[in-house]
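Trainee: Let me give you the structure first, and then I'll get to my questions.
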Amino acid sequence: MGAAVTLSLPAELTQAQAPAVIQELLQALSGCASEQVVLDASALTEFDSAALAVILACRRAVLVAGGHLQLLDMPPRVQALAQVYGVVELLV
């Protein structure tokens with residue numbers, strides 16, 4: 001088991017940035033031998049529902065690799081969006 005890997009979301013994460021951010025995160029995870037991945041969302045200030053799609057894509061990639069994703073400092077507005085979309089249980 002490798003050490004925990006920490007990845008960070010950018011300050012702005014809307015539909016326009018989502019494809020590039022997903023690609024960047026998945027690329028970072030591709031060579032990752034860690035079972036624990038921490039996704040730091042503390043920088044998020046401007047976002048839309050695409051931020052949830054990015055977080056869920058990252059979660060899916062980590063789970064497929066047999067790991068566990070821990071979300072760090074998720075802004076309350078992201079949590080509220082997750083509640084509206086019914087995916088909050090996937091983010092804990």
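Chains: A, B, ... in order of the structure tokens. Residues: from 1 per chain. Ligands: from 1, in order shown.
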From the DSSP assignment of the backbone, select every residue of chain A that is helix (DSSP H, G or I), and format the answer as a ChimeraX atom specification.
Mentor: /A:18-30,50-64,76-85,88-91
Trainee: What does the file look like for those residues with N, CA and C atoms, as a CSV table (one decimal), in the first residue's frame?
Mentor:
```csv
chain,number,residue,atom,x,y,z
A,18,ALA,N,-14.5,21.6,-16.7
A,18,ALA,CA,-14.6,20.2,-16.2
A,18,ALA,C,-13.9,19.1,-17.0
A,19,PRO,N,-14.0,19.1,-18.4
A,19,PRO,CA,-13.3,18.1,-19.1
A,19,PRO,C,-11.8,18.1,-18.9
A,20,ALA,N,-11.2,19.3,-18.8
A,20,ALA,CA,-9.7,19.4,-18.6
A,20,ALA,C,-9.3,18.9,-17.2
A,21,VAL,N,-10.2,19.3,-16.2
A,21,VAL,CA,-9.9,18.9,-14.8
A,21,VAL,C,-10.0,17.4,-14.6
A,22,ILE,N,-11.1,16.8,-15.2
A,22,ILE,CA,-11.2,15.4,-15.1
A,22,ILE,C,-10.0,14.7,-15.8
A,23,GLN,N,-9.6,15.1,-16.9
A,23,GLN,CA,-8.4,14.5,-17.6
A,23,GLN,C,-7.2,14.6,-16.7
A,24,GLU,N,-7.0,15.8,-16.1
A,24,GLU,CA,-5.8,16.0,-15.3
A,24,GLU,C,-5.8,15.1,-14.1
A,25,LEU,N,-7.0,15.0,-13.4
A,25,LEU,CA,-7.1,14.1,-12.2
A,25,LEU,C,-6.9,12.7,-12.6
A,26,LEU,N,-7.5,12.2,-13.7
A,26,LEU,CA,-7.4,10.8,-14.1
A,26,LEU,C,-6.0,10.5,-14.4
A,27,GLN,N,-5.3,11.4,-15.1
A,27,GLN,CA,-3.9,11.2,-15.4
A,27,GLN,C,-3.1,11.1,-14.2
A,28,ALA,N,-3.3,12.0,-13.2
A,28,ALA,CA,-2.6,11.9,-11.9
A,28,ALA,C,-2.8,10.6,-11.2
A,29,LEU,N,-4.1,10.0,-11.3
A,29,LEU,CA,-4.4,8.8,-10.7
A,29,LEU,C,-3.9,7.6,-11.4
A,30,SER,N,-3.6,7.7,-12.7
A,30,SER,CA,-3.2,6.5,-13.5
A,30,SER,C,-2.0,5.8,-13.0
A,50,ALA,N,-21.1,20.9,-12.6
A,50,ALA,CA,-20.0,20.1,-13.2
A,50,ALA,C,-18.9,19.7,-12.1
A,51,ALA,N,-18.8,20.5,-11.1
A,51,ALA,CA,-17.9,20.1,-10.0
A,51,ALA,C,-18.3,18.8,-9.4
A,52,LEU,N,-19.6,18.5,-9.3
A,52,LEU,CA,-20.0,17.2,-8.8
A,52,LEU,C,-19.6,16.1,-9.8
A,53,ALA,N,-19.8,16.4,-11.0
A,53,ALA,CA,-19.4,15.4,-12.1
A,53,ALA,C,-17.9,15.0,-12.0
A,54,VAL,N,-17.1,16.0,-11.7
A,54,VAL,CA,-15.6,15.8,-11.6
A,54,VAL,C,-15.3,15.0,-10.4
A,55,ILE,N,-15.9,15.4,-9.3
A,55,ILE,CA,-15.7,14.7,-8.0
A,55,ILE,C,-16.1,13.2,-8.2
A,56,LEU,N,-17.3,13.0,-8.8
A,56,LEU,CA,-17.8,11.6,-8.9
A,56,LEU,C,-16.9,10.8,-9.9
A,57,ALA,N,-16.4,11.4,-11.0
A,57,ALA,CA,-15.5,10.7,-11.9
A,57,ALA,C,-14.2,10.3,-11.2
A,58,CYS,N,-13.7,11.2,-10.4
A,58,CYS,CA,-12.5,10.9,-9.6
A,58,CYS,C,-12.8,9.7,-8.6
A,59,ARG,N,-13.9,9.8,-7.9
A,59,ARG,CA,-14.3,8.7,-7.0
A,59,ARG,C,-14.4,7.4,-7.7
A,60,ARG,N,-15.1,7.4,-8.9
A,60,ARG,CA,-15.2,6.2,-9.6
A,60,ARG,C,-13.9,5.6,-10.0
A,61,ALA,N,-12.9,6.4,-10.5
A,61,ALA,CA,-11.6,5.9,-10.9
A,61,ALA,C,-10.9,5.3,-9.7
A,62,VAL,N,-11.0,6.0,-8.5
A,62,VAL,CA,-10.3,5.5,-7.3
A,62,VAL,C,-10.9,4.2,-6.9
A,63,LEU,N,-12.2,4.0,-6.9
A,63,LEU,CA,-12.9,2.8,-6.5
A,63,LEU,C,-12.5,1.7,-7.5
A,64,VAL,N,-12.5,1.9,-8.8
A,64,VAL,CA,-12.2,0.9,-9.7
A,64,VAL,C,-10.7,0.4,-9.5
A,76,PRO,N,-19.7,24.2,1.5
A,76,PRO,CA,-21.2,23.9,1.8
A,76,PRO,C,-22.0,24.0,0.6
A,77,ARG,N,-21.7,24.9,-0.4
A,77,ARG,CA,-22.6,24.9,-1.6
A,77,ARG,C,-22.4,23.7,-2.4
A,78,VAL,N,-21.3,23.0,-2.4
A,78,VAL,CA,-21.1,21.8,-3.1
A,78,VAL,C,-21.9,20.7,-2.4
A,79,GLN,N,-21.9,20.7,-1.1
A,79,GLN,CA,-22.7,19.7,-0.3
A,79,GLN,C,-24.2,19.9,-0.6
A,80,ALA,N,-24.6,21.2,-0.7
A,80,ALA,CA,-26.0,21.5,-1.0
A,80,ALA,C,-26.4,21.0,-2.4
A,81,LEU,N,-25.5,21.1,-3.4
A,81,LEU,CA,-25.7,20.6,-4.7
A,81,LEU,C,-25.9,19.1,-4.7
A,82,ALA,N,-25.0,18.5,-4.0
A,82,ALA,CA,-25.0,17.0,-3.8
A,82,ALA,C,-26.3,16.5,-3.2
A,83,GLN,N,-26.8,17.3,-2.3
A,83,GLN,CA,-28.1,17.0,-1.7
A,83,GLN,C,-29.2,17.1,-2.7
A,84,VAL,N,-29.2,18.2,-3.5
A,84,VAL,CA,-30.3,18.4,-4.5
A,84,VAL,C,-30.2,17.2,-5.5
A,85,TYR,N,-29.0,16.8,-5.9
A,85,TYR,CA,-28.9,15.8,-7.0
A,85,TYR,C,-29.0,14.4,-6.4
A,88,VAL,N,-25.3,12.9,-2.2
A,88,VAL,CA,-24.5,13.2,-1.0
A,88,VAL,C,-23.9,12.0,-0.3
A,89,GLU,N,-24.6,10.9,-0.4
A,89,GLU,CA,-24.1,9.7,0.3
A,89,GLU,C,-22.9,9.1,-0.5
A,90,LEU,N,-22.7,9.5,-1.7
A,90,LEU,CA,-21.5,9.0,-2.4
A,90,LEU,C,-20.3,9.9,-2.1
A,91,LEU,N,-20.5,11.0,-1.4
A,91,LEU,CA,-19.4,11.9,-1.2
A,91,LEU,C,-18.9,11.9,0.3
```
Trainee: Excluding A:His68 and its own-chain neighbours fewer than 6 positions away, which residues fall within 7 Å of it when counting only C-alpha atoms? Please give them as a PyMOL selection string.
Mentor: chain A and resi 35-37+62
Trainee: May I have the selected residues written with C-alpha atoms, as a compact mmCIF listing (two decimals), in the first residue's frame?
Mentor:
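Okay, this is what ended up in result.txt:
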```txt
# COMPACT_ATOMS: atom_id res chain seq x y z
CA GLU A 35 -5.25 2.95 -1.74
CA GLN A 36 -6.04 6.33 -0.16
CA VAL A 37 -6.67 9.39 -2.32
CA VAL A 62 -10.30 5.48 -7.32
```
Trainee: DSSP on the backbone: what in chain A comes out strand (DSSP E), as a list in words?
Mentor: Val5, Thr6, Leu7, Ser8, Glu12, Leu13, Gln36, Val37, Val38, Leu39, Asp40, Glu46, Phe47, His68, Leu69, Gln70, Leu71 and Leu72 of chain A
Trainee: Need to verify the contact set: stretch 10-14 of chain A, 7 Å, only C-alpha atoms, exclusion of same-chain residues closer than 6 positions in sequence. Can you return it as JSON, numbers by chain?
Mentor: {"A": [43, 44, 45, 46, 47, 48, 50, 51]}
Trainee: Using only C-alpha atoms, which of the listed residues (A:Ala3, A:Val87, A:Cys32, A:Val92) sits closest to A:Leu72?
Mentor: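 For A:Leu72, the nearest of the given residues is A:Val92.
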